Structures are given as C-alpha cells and as structure tokens.
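> Contents of start-v8.cif (mmCIF, C-alpha atoms and all ligand atoms) are below:
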```cif
data_entry
#
loop_
_atom_site.group_PDB
_atom_site.id
_atom_site.type_symbol
_atom_site.label_atom_id
_atom_site.label_comp_id
_atom_site.auth_asym_id
_atom_site.auth_seq_id
_atom_site.Cartn_x
_atom_site.Cartn_y
_atom_site.Cartn_z
ATOM 1 C CA MET A 192 206.573 157.672 17.142
ATOM 2 C CA ARG A 193 207.183 157.652 20.867
ATOM 3 C CA ILE A 194 210.158 155.474 21.675
ATOM 4 C CA ALA A 195 211.350 153.929 24.939
ATOM 5 C CA VAL A 196 214.962 152.797 25.118
ATOM 6 C CA PHE A 197 216.279 150.216 27.569
ATOM 7 C CA ALA A 198 220.006 150.217 28.355
ATOM 8 C CA SER A 199 222.332 148.872 31.041
ATOM 9 C CA HIS A 200 225.821 150.262 30.620
ATOM 10 C CA ASN A 201 227.465 152.561 28.113
ATOM 11 C CA GLY A 202 224.370 153.731 26.245
ATOM 12 C CA SER A 203 226.026 154.702 22.955
ATOM 13 C CA ASN A 204 223.191 153.122 20.938
ATOM 14 C CA PHE A 205 220.677 154.981 23.114
ATOM 15 C CA GLN A 206 222.469 158.226 22.315
ATOM 16 C CA ALA A 207 222.605 157.435 18.581
ATOM 17 C CA ILE A 208 218.827 156.860 18.562
ATOM 18 C CA ALA A 209 218.109 159.998 20.598
ATOM 19 C CA GLU A 210 220.312 162.134 18.344
ATOM 20 C CA ALA A 211 218.734 160.716 15.193
ATOM 21 C CA CYS A 212 215.351 161.738 16.597
ATOM 22 C CA LYS A 213 216.566 165.211 17.511
ATOM 23 C CA SER A 214 218.087 165.768 14.062
ATOM 24 C CA GLY A 215 214.876 164.626 12.378
ATOM 25 C CA ARG A 216 216.491 161.578 10.713
ATOM 26 C CA ILE A 217 214.036 159.468 12.693
ATOM 27 C CA LYS A 218 210.504 160.842 12.856
ATOM 28 C CA GLY A 219 210.217 159.978 16.500
ATOM 29 C CA GLU A 220 211.025 161.009 20.012
ATOM 30 C CA VAL A 221 212.825 159.101 22.721
ATOM 31 C CA THR A 222 210.424 159.738 25.559
ATOM 32 C CA LEU A 223 212.176 157.699 28.215
ATOM 33 C CA LEU A 224 215.158 155.606 29.129
ATOM 34 C CA ILE A 225 214.704 152.587 31.357
ATOM 35 C CA CYS A 226 217.886 151.438 33.002
ATOM 36 C CA ASN A 227 218.572 148.629 35.467
ATOM 37 C CA ASN A 228 221.909 150.061 36.584
ATOM 38 C CA LYS A 229 222.087 153.356 38.395
ATOM 39 C CA LYS A 230 225.795 153.757 37.593
ATOM 40 C CA SER A 231 225.161 153.369 33.887
ATOM 41 C CA GLN A 232 226.707 155.852 31.489
ATOM 42 C CA ALA A 233 223.328 155.764 29.725
ATOM 43 C CA ILE A 234 221.818 157.705 32.656
ATOM 44 C CA ALA A 235 224.495 160.401 32.350
ATOM 45 C CA ARG A 236 223.729 160.560 28.619
ATOM 46 C CA ALA A 237 219.984 160.884 29.322
ATOM 47 C CA LYS A 238 220.659 163.802 31.671
ATOM 48 C CA ASN A 239 222.739 165.542 28.981
ATOM 49 C CA LEU A 240 220.106 164.884 26.351
ATOM 50 C CA GLY A 241 217.257 166.032 28.593
ATOM 51 C CA ILE A 242 215.501 162.674 28.370
ATOM 52 C CA GLN A 243 213.522 161.308 31.313
ATOM 53 C CA PHE A 244 215.075 158.190 32.804
ATOM 54 C CA PHE A 245 213.871 155.548 35.206
ATOM 55 C CA HIS A 246 215.972 153.168 37.238
ATOM 56 C CA VAL A 247 214.190 149.838 37.564
ATOM 57 C CA SER A 248 216.264 147.165 39.245
ATOM 58 C CA GLU A 249 216.251 144.181 41.569
ATOM 59 C CA THR A 250 217.957 146.326 44.191
ATOM 60 C CA LEU A 251 215.117 148.829 44.216
ATOM 61 C CA GLU A 252 212.321 146.283 43.719
ATOM 62 C CA PRO A 253 213.222 142.649 44.457
ATOM 63 C CA ASN A 254 209.750 141.415 43.522
ATOM 64 C CA GLU A 255 209.844 140.429 39.844
ATOM 65 C CA LYS A 256 206.101 140.824 39.261
ATOM 66 C CA LYS A 257 206.146 144.326 40.716
ATOM 67 C CA ARG A 258 209.191 145.191 38.618
ATOM 68 C CA ASP A 259 207.445 143.961 35.492
ATOM 69 C CA LYS A 260 204.377 145.979 36.373
ATOM 70 C CA GLU A 261 206.518 149.055 36.840
ATOM 71 C CA ILE A 262 208.077 148.610 33.385
ATOM 72 C CA SER A 263 204.703 147.951 31.737
ATOM 73 C CA SER A 264 203.206 151.012 33.421
ATOM 74 C CA LEU A 265 206.083 153.220 32.284
ATOM 75 C CA LEU A 266 205.670 152.074 28.669
ATOM 76 C CA ASN A 267 201.923 152.562 28.740
ATOM 77 C CA GLU A 268 201.831 155.827 30.700
ATOM 78 C CA HIS A 269 204.306 157.362 28.251
ATOM 79 C CA ASN A 270 202.226 156.058 25.321
ATOM 80 C CA CYS A 271 205.272 154.371 23.820
ATOM 81 C CA GLU A 272 204.783 152.666 20.471
ATOM 82 C CA LEU A 273 208.268 151.238 20.136
ATOM 83 C CA ALA A 274 210.627 149.844 22.763
ATOM 84 C CA VAL A 275 214.272 149.402 21.835
ATOM 85 C CA LEU A 276 216.595 147.175 23.852
ATOM 86 C CA ALA A 277 219.935 148.864 23.243
ATOM 87 C CA GLY A 278 222.518 147.086 25.351
ATOM 88 C CA TYR A 279 219.932 146.032 27.938
ATOM 89 C CA MET A 280 221.446 143.072 29.766
ATOM 90 C CA LYS A 281 218.185 141.760 31.212
ATOM 91 C CA LYS A 282 215.628 139.485 29.635
ATOM 92 C CA LEU A 283 212.294 141.208 29.166
ATOM 93 C CA SER A 284 209.650 138.979 30.761
ATOM 94 C CA SER A 285 206.649 137.582 28.869
ATOM 95 C CA ALA A 286 204.442 139.663 31.164
ATOM 96 C CA VAL A 287 206.025 142.877 29.908
ATOM 97 C CA ILE A 288 206.093 141.721 26.277
ATOM 98 C CA ASP A 289 202.429 140.660 26.369
ATOM 99 C CA SER A 290 201.209 143.808 28.064
ATOM 100 C CA PHE A 291 202.826 146.118 25.521
ATOM 101 C CA ASN A 292 200.867 147.035 22.414
ATOM 102 C CA GLY A 293 203.803 148.371 20.439
ATOM 103 C CA GLU A 294 206.845 146.737 18.881
ATOM 104 C CA ILE A 295 209.906 145.643 20.815
ATOM 105 C CA ILE A 296 213.265 145.315 19.069
ATOM 106 C CA ASN A 297 216.785 144.456 20.200
ATOM 107 C CA ILE A 298 220.258 145.096 18.839
ATOM 108 C CA HIS A 299 222.681 142.202 19.118
ATOM 109 C CA PRO A 300 226.410 142.189 18.303
ATOM 110 C CA SER A 301 226.534 139.082 16.058
ATOM 111 C CA LEU A 302 225.044 137.652 12.916
ATOM 112 C CA LEU A 303 222.091 135.892 14.559
ATOM 113 C CA PRO A 304 221.130 133.083 14.793
ATOM 114 C CA LYS A 305 224.846 132.558 15.416
ATOM 115 C CA TYR A 306 226.158 133.595 18.827
ATOM 116 C CA GLY A 307 222.845 134.388 20.447
ATOM 117 C CA GLY A 308 221.145 133.051 23.567
ATOM 118 C CA LYS A 309 221.637 133.233 27.305
ATOM 119 C CA GLY A 310 225.051 134.556 28.311
ATOM 120 C CA MET A 311 225.754 135.864 24.831
ATOM 121 C CA TYR A 312 226.089 139.592 25.265
ATOM 122 C CA GLY A 313 228.718 142.278 24.849
ATOM 123 C CA LEU A 314 232.335 141.111 24.775
ATOM 124 C CA ALA A 315 231.341 137.482 25.448
ATOM 125 C CA VAL A 316 229.878 137.387 21.930
ATOM 126 C CA HIS A 317 233.030 138.753 20.281
ATOM 127 C CA LYS A 318 235.229 136.374 22.319
ATOM 128 C CA GLU A 319 233.215 133.402 21.115
ATOM 129 C CA VAL A 320 233.263 134.579 17.495
ATOM 130 C CA LEU A 321 237.081 134.840 17.583
ATOM 131 C CA ARG A 322 237.462 131.542 19.455
ATOM 132 C CA ASN A 323 235.642 129.880 16.560
ATOM 133 C CA LYS A 324 237.977 131.555 14.057
ATOM 134 C CA GLU A 325 235.165 133.220 12.140
ATOM 135 C CA TYR A 326 236.261 135.554 9.381
ATOM 136 C CA LEU A 327 232.986 137.435 9.360
ATOM 137 C CA SER A 328 230.859 138.833 12.152
ATOM 138 C CA GLY A 329 228.205 141.518 12.244
ATOM 139 C CA VAL A 330 225.253 143.003 14.013
ATOM 140 C CA THR A 331 221.555 142.144 13.997
ATOM 141 C CA VAL A 332 218.374 143.995 14.843
ATOM 142 C CA HIS A 333 215.482 141.656 15.613
ATOM 143 C CA ARG A 334 212.020 141.610 17.124
ATOM 144 C CA VAL A 335 211.907 140.531 20.739
ATOM 145 C CA ASN A 336 209.967 137.525 21.921
ATOM 146 C CA SER A 337 210.197 135.579 25.155
ATOM 147 C CA GLU A 338 213.263 133.581 23.997
ATOM 148 C CA TYR A 339 216.758 135.056 24.011
ATOM 149 C CA ASP A 340 217.675 136.506 20.584
ATOM 150 C CA LYS A 341 215.095 134.371 18.761
ATOM 151 C CA GLY A 342 212.624 136.928 17.384
ATOM 152 C CA GLU A 343 212.250 137.739 13.698
ATOM 153 C CA ILE A 344 215.387 139.247 12.179
ATOM 154 C CA LEU A 345 214.721 142.724 10.769
ATOM 155 C CA SER A 346 218.183 143.775 9.594
ATOM 156 C CA GLN A 347 221.799 142.679 9.613
ATOM 157 C CA GLN A 348 225.132 144.118 8.618
ATOM 158 C CA THR A 349 228.405 142.225 8.343
ATOM 159 C CA ILE A 350 231.810 143.177 9.730
ATOM 160 C CA SER A 351 235.004 141.587 8.441
ATOM 161 C CA ILE A 352 237.474 140.233 10.961
ATOM 162 C CA CYS A 353 241.206 140.797 10.536
ATOM 163 C CA GLU A 354 243.986 138.488 11.719
ATOM 164 C CA SER A 355 245.010 140.633 14.673
ATOM 165 C CA GLU A 356 241.399 141.084 15.861
ATOM 166 C CA THR A 357 240.691 141.107 19.597
ATOM 167 C CA PRO A 358 237.247 141.059 21.268
ATOM 168 C CA GLU A 359 237.805 144.710 22.156
ATOM 169 C CA SER A 360 238.766 145.750 18.604
ATOM 170 C CA LEU A 361 235.789 143.860 17.222
ATOM 171 C CA ALA A 362 233.465 145.641 19.677
ATOM 172 C CA GLU A 363 235.020 148.928 18.602
ATOM 173 C CA LYS A 364 234.399 148.091 14.929
ATOM 174 C CA ALA A 365 230.838 147.006 15.667
ATOM 175 C CA ARG A 366 229.856 150.203 17.492
ATOM 176 C CA PRO A 367 229.388 152.572 14.501
ATOM 177 C CA VAL A 368 227.802 149.744 12.508
ATOM 178 C CA GLU A 369 225.289 149.224 15.313
ATOM 179 C CA HIS A 370 224.492 152.912 15.517
ATOM 180 C CA HIS A 371 223.826 153.037 11.803
ATOM 181 C CA LEU A 372 221.785 149.825 11.710
ATOM 182 C CA ILE A 373 219.562 150.580 14.704
ATOM 183 C CA VAL A 374 218.772 154.072 13.437
ATOM 184 C CA GLN A 375 218.097 152.826 9.900
ATOM 185 C CA THR A 376 215.866 150.003 11.169
ATOM 186 C CA ILE A 377 213.817 152.296 13.405
ATOM 187 C CA LYS A 378 213.459 154.681 10.469
ATOM 188 C CA GLU A 379 212.122 151.821 8.321
ATOM 189 C CA ILE A 380 209.697 150.659 11.042
ATOM 190 C CA ILE A 381 208.271 154.177 11.277
ATOM 191 C CA GLU A 382 208.052 154.601 7.499
ATOM 192 C CA GLU A 383 206.187 151.302 7.178
ATOM 193 C CA LYS A 384 203.571 152.552 9.627
ATOM 194 C CA GLU A 385 203.020 155.860 7.810
HETATM 195 C C1 LIG B 1 226.040 146.669 21.998
HETATM 196 O O1 LIG B 1 227.158 146.109 21.376
HETATM 197 C C2 LIG B 1 224.836 145.749 21.848
HETATM 198 O O2 LIG B 1 224.795 145.067 20.632
HETATM 199 C C3 LIG B 1 225.088 144.788 22.974
HETATM 200 O O3 LIG B 1 225.520 145.591 24.040
HETATM 201 C C4 LIG B 1 226.244 146.705 23.499
HETATM 202 C C5 LIG B 1 225.706 147.972 24.112
HETATM 203 O O4 LIG B 1 226.474 149.082 23.737
HETATM 204 N N1 LIG B 1 223.889 144.046 23.282
HETATM 205 C C6 LIG B 1 223.910 142.777 23.611
HETATM 206 O O5 LIG B 1 224.925 142.130 23.706
HETATM 207 C C7 LIG B 1 222.532 142.179 23.877
HETATM 208 N N2 LIG B 1 222.577 140.759 23.834
HETATM 209 P P1 LIG B 1 226.035 150.544 24.153
HETATM 210 O O6 LIG B 1 225.695 150.474 25.638
HETATM 211 O O7 LIG B 1 227.235 151.392 23.879
HETATM 212 O O8 LIG B 1 224.845 150.929 23.326
#
```
What does this structure look like when you write it as structure tokens?


Amino acid sequence: MRIAVFASHNGSNFQAIAEACKSGRIKGEVTLLICNNKKSQAIARAKNLGIQFFHVSETLEPNEKKRDKEISSLLNEHNCELAVLAGYMKKLSSAVIDSFNGEIINIHPSLLPKYGGKGMYGLAVHKEVLRNKEYLSGVTVHRVNSEYDKGEILSQQTISICESETPESLAEKARPVEHHLIVQTIKEIIEEKE
C-alpha cells in the first residue's frame, strides 16, 4: 500500500509509520510527506528517512483552490491508496477528500468524541482534559470526513491520568501509545484489503 503522510510539526507519528513500513511490520511504503510548515521537524525526518516531501502552504500558494489541487495532484500522481493525517494542523478540504479514491485517517490525542473539533489539537486537548478533571484520556484513530474529528472511529486506546499530570506529561505519555495505535490501525486496514 502506498501511503501519504501529512504532518505539521514534530513528525514523530510520521517517523513511526515510516519505520514500521521499512521494518516490514506494515506492508506498505510511505511514498511522500506533505507538510504545511517548512520549519517542521517532520521535514528533517523525511530527509533522514529518504522520503520525498512537499511543502504546501498558504505562504507558497495563497489561493485555497490551487492549494487543494496541488494536494490532490500529489496524492494521485503518487498513486497513494491511504493518506494519514499525523499531527497535521490543517483541515483537509472537501475538495481534497472527494477527489481522493483511497482512505484518509487521522490520529487524535483524546478519546473522541470527547475533546475533538475546531481548536482541539496538540496540547490544547490535554489542557482541556485536565481542566475537566478527567481520570482517563487516550488516543483515537478515525476516518476523515469534512467535519473536524467526526469520521468513523477505527481504534482507540486509553491512558490513565495521575494526580500530578500536566498537559506536557500527558502528551509525553500519549506519544508511544499513538505510535503503536497508528501503526496497528494501518496494519489492520491493509490486512482487510488483502
Ligand atoms: C499528536 O499528538 C497527534 O495526535 C496530534 O498532534 C500530535 C502530533 O505529534 N494531532 C492532533 O491534535 C490533531 N487534531 P507528532 O508531530 O510528534 O506526530
């Protein structure tokens, strides 16, 4: 399976997916990284991993329709069958979603449907979880549709919260759980198609 990964910042989930492909745990290949932030650590990771990357951003192309077309063309030209939003802090437009024949999934750092929606990303999610005094959080992998974090849930894993938890410590705890869950879910998607 040819996989496209979208990322904006750190790119640790991108790396986990790419390494799982290289080791053969996932029967797939990350054929490209699409990134909206040229300073992203994900781009440095792509260079190290020898994966092609493309910077698509408002700075480079202010016209949204043209940007969407660029993303759609990249997915189609690389014959991608799966697109993974792994810490991609932009909403994928309906135009891109509709033009893509493959599956699109996203990893989110909460137990959706809780703590999803516009503005709910990264540390903001963990802050909100702690503000509400939750004792359990987790991560979710779901299909992407045109609404924020509303697509069908494919997999979830819980994380317990301790009394001294901070948003940063919760993000730290979530990271390995995310890496495991995204790799496992992609593996299952591919196995279902075989
Ligand atoms: C991850 O925690 C991911 O769940 C989150 O961004 C982080 C990216 O980490 N995504 C969202 O909040 C999307 N709503 P990474 O760059 O190290 O893979």

> When the PyMOL selection byres (((not hetatm)) within 6 of (chain B and resi 1)) is applied to the file above, which residues end up in the set, as a ChimeraX atom specification?

/A:200-205,277-278,298-300,311-313

> Using the selection just defined, write its residues with C-alpha atoms as a short mmCIF file (atom, residue, chain, number, x, y, z; two decimals), keeping the file's coordinate frame.


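The resulting file, out_14.cif, is shown below:
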```
data_model
loop_
_atom_site.label_atom_id
_atom_site.label_comp_id
_atom_site.auth_asym_id
_atom_site.auth_seq_id
_atom_site.Cartn_x
_atom_site.Cartn_y
_atom_site.Cartn_z
CA HIS A 200 225.82 150.26 30.62
CA ASN A 201 227.46 152.56 28.11
CA GLY A 202 224.37 153.73 26.24
CA SER A 203 226.03 154.70 22.96
CA ASN A 204 223.19 153.12 20.94
CA PHE A 205 220.68 154.98 23.11
CA ALA A 277 219.94 148.86 23.24
CA GLY A 278 222.52 147.09 25.35
CA ILE A 298 220.26 145.10 18.84
CA HIS A 299 222.68 142.20 19.12
CA PRO A 300 226.41 142.19 18.30
CA MET A 311 225.75 135.86 24.83
CA TYR A 312 226.09 139.59 25.26
CA GLY A 313 228.72 142.28 24.85
#
```

> Excluding same-chain residues fewer than 3 positions from Glu343 of chain A, what lies within 10 Å of it counting only C-alpha atoms, as an NGL selection string?

:A and (296 or 332-336 or 340 or 346)

> For C-alpha atoms, I'd like the residues from the last selection saved as a PDB file, keeping the file's coordinate frame.


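So the final result, stored in selection.pdb, reads:
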```pdb
ATOM      1  CA  ILE A 296     213.265 145.315  19.069  1.00  0.00           C
ATOM      2  CA  VAL A 332     218.374 143.995  14.843  1.00  0.00           C
ATOM      3  CA  HIS A 333     215.482 141.656  15.613  1.00  0.00           C
ATOM      4  CA  ARG A 334     212.020 141.610  17.124  1.00  0.00           C
ATOM      5  CA  VAL A 335     211.907 140.531  20.739  1.00  0.00           C
ATOM      6  CA  ASN A 336     209.967 137.525  21.921  1.00  0.00           C
ATOM      7  CA  ASP A 340     217.675 136.506  20.584  1.00  0.00           C
ATOM      8  CA  SER A 346     218.183 143.775   9.594  1.00  0.00           C
TER       9      SER A 346
END
```

> Give me the result of the PyMOL selection byres (((chain A and resi 379-381) around 10) and not hetatm) on this file, residue by residue, as a ChimeraX atom specification.

/A:192,217-219,272-273,294,345,373-378,382-385

> Kindly give the distance, in Å, that separates atom CA of Thr331 of chain A and atom CA of Ile242 of chain A, rounded to a single decimal.

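Between atom CA of Thr331 of chain A and atom CA of Ile242 of chain A the gap is 25.8 Å.
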
> Between A:Ala211, A:Asp259, A:Lys282, A:Leu251, which has the minimum distance to Leu372 of chain A (counting all atoms listed in the file)?

A:Ala211

> One number please: atom CA of Glu210 of chain A to atom CA of Asn297 of chain A, in Å, one decimal.

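Between these atoms lies a distance of 18.1 Å.
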
> Which residues fall under the PyMOL selection byres (((chain A and resi 233) around 7) and not hetatm) in this file, as a ChimeraX atom specification?

/A:198,200-202,231-232,234-237

> Choose the residue, out of A:Leu327, A:Cys226, A:Leu303, A:Leu314, that has the smallest atom-to-atom separation from Gly342 of chain A; count all atoms listed in the file.

A:Leu303

> So what do you get for atom CA of Ser284 of chain A versus atom CA of Ser337 of chain A, distance-wise?

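Going from atom CA of Ser284 of chain A over to atom CA of Ser337 of chain A, I get 6.6 Å.
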
> Extract, using all atoms listed in the file, all DNA, RNA and protein residues at most 10 Å from Lys324 of chain A, discarding same-chain residues fewer than 6 positions from it, and format them as a PDB file with C-alpha atoms, keeping the file's coordinate frame.


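Contents of around_31.pdb, as written:
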```
ATOM      1  CA  LYS A 318     235.229 136.374  22.319  1.00  0.00           C
ATOM      2  CA  ILE A 352     237.474 140.233  10.961  1.00  0.00           C
ATOM      3  CA  GLU A 354     243.986 138.488  11.719  1.00  0.00           C
TER       4      GLU A 354
END
```

> Using all atoms listed in the file, find the one residue out of A:Glu261, A:Val221, A:Tyr339, A:Ser351 that sits nearest to Val275 of chain A.

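Closest residue, counting all atoms listed in the file: A:Val221.
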
> Quick one: of A:Ile288, A:Ala195, A:Val320, A:Glu338, who's nearest to Leu361 of chain A, counting all atoms listed in the file?

A:Val320

> Find the residue from A:Leu265, A:Ala207, A:Val316, A:Leu224 that sits nearest to Tyr279 of chain A; use all atoms listed in the file when measuring.

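So, comparing all the options, the nearest one is A:Leu224.
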
> Nearest to Ser328 of chain A among A:Gln347, A:Ser301, A:Ser285, A:Thr222, with distances taken over all atoms listed in the file: which residue is it?

A:Ser301
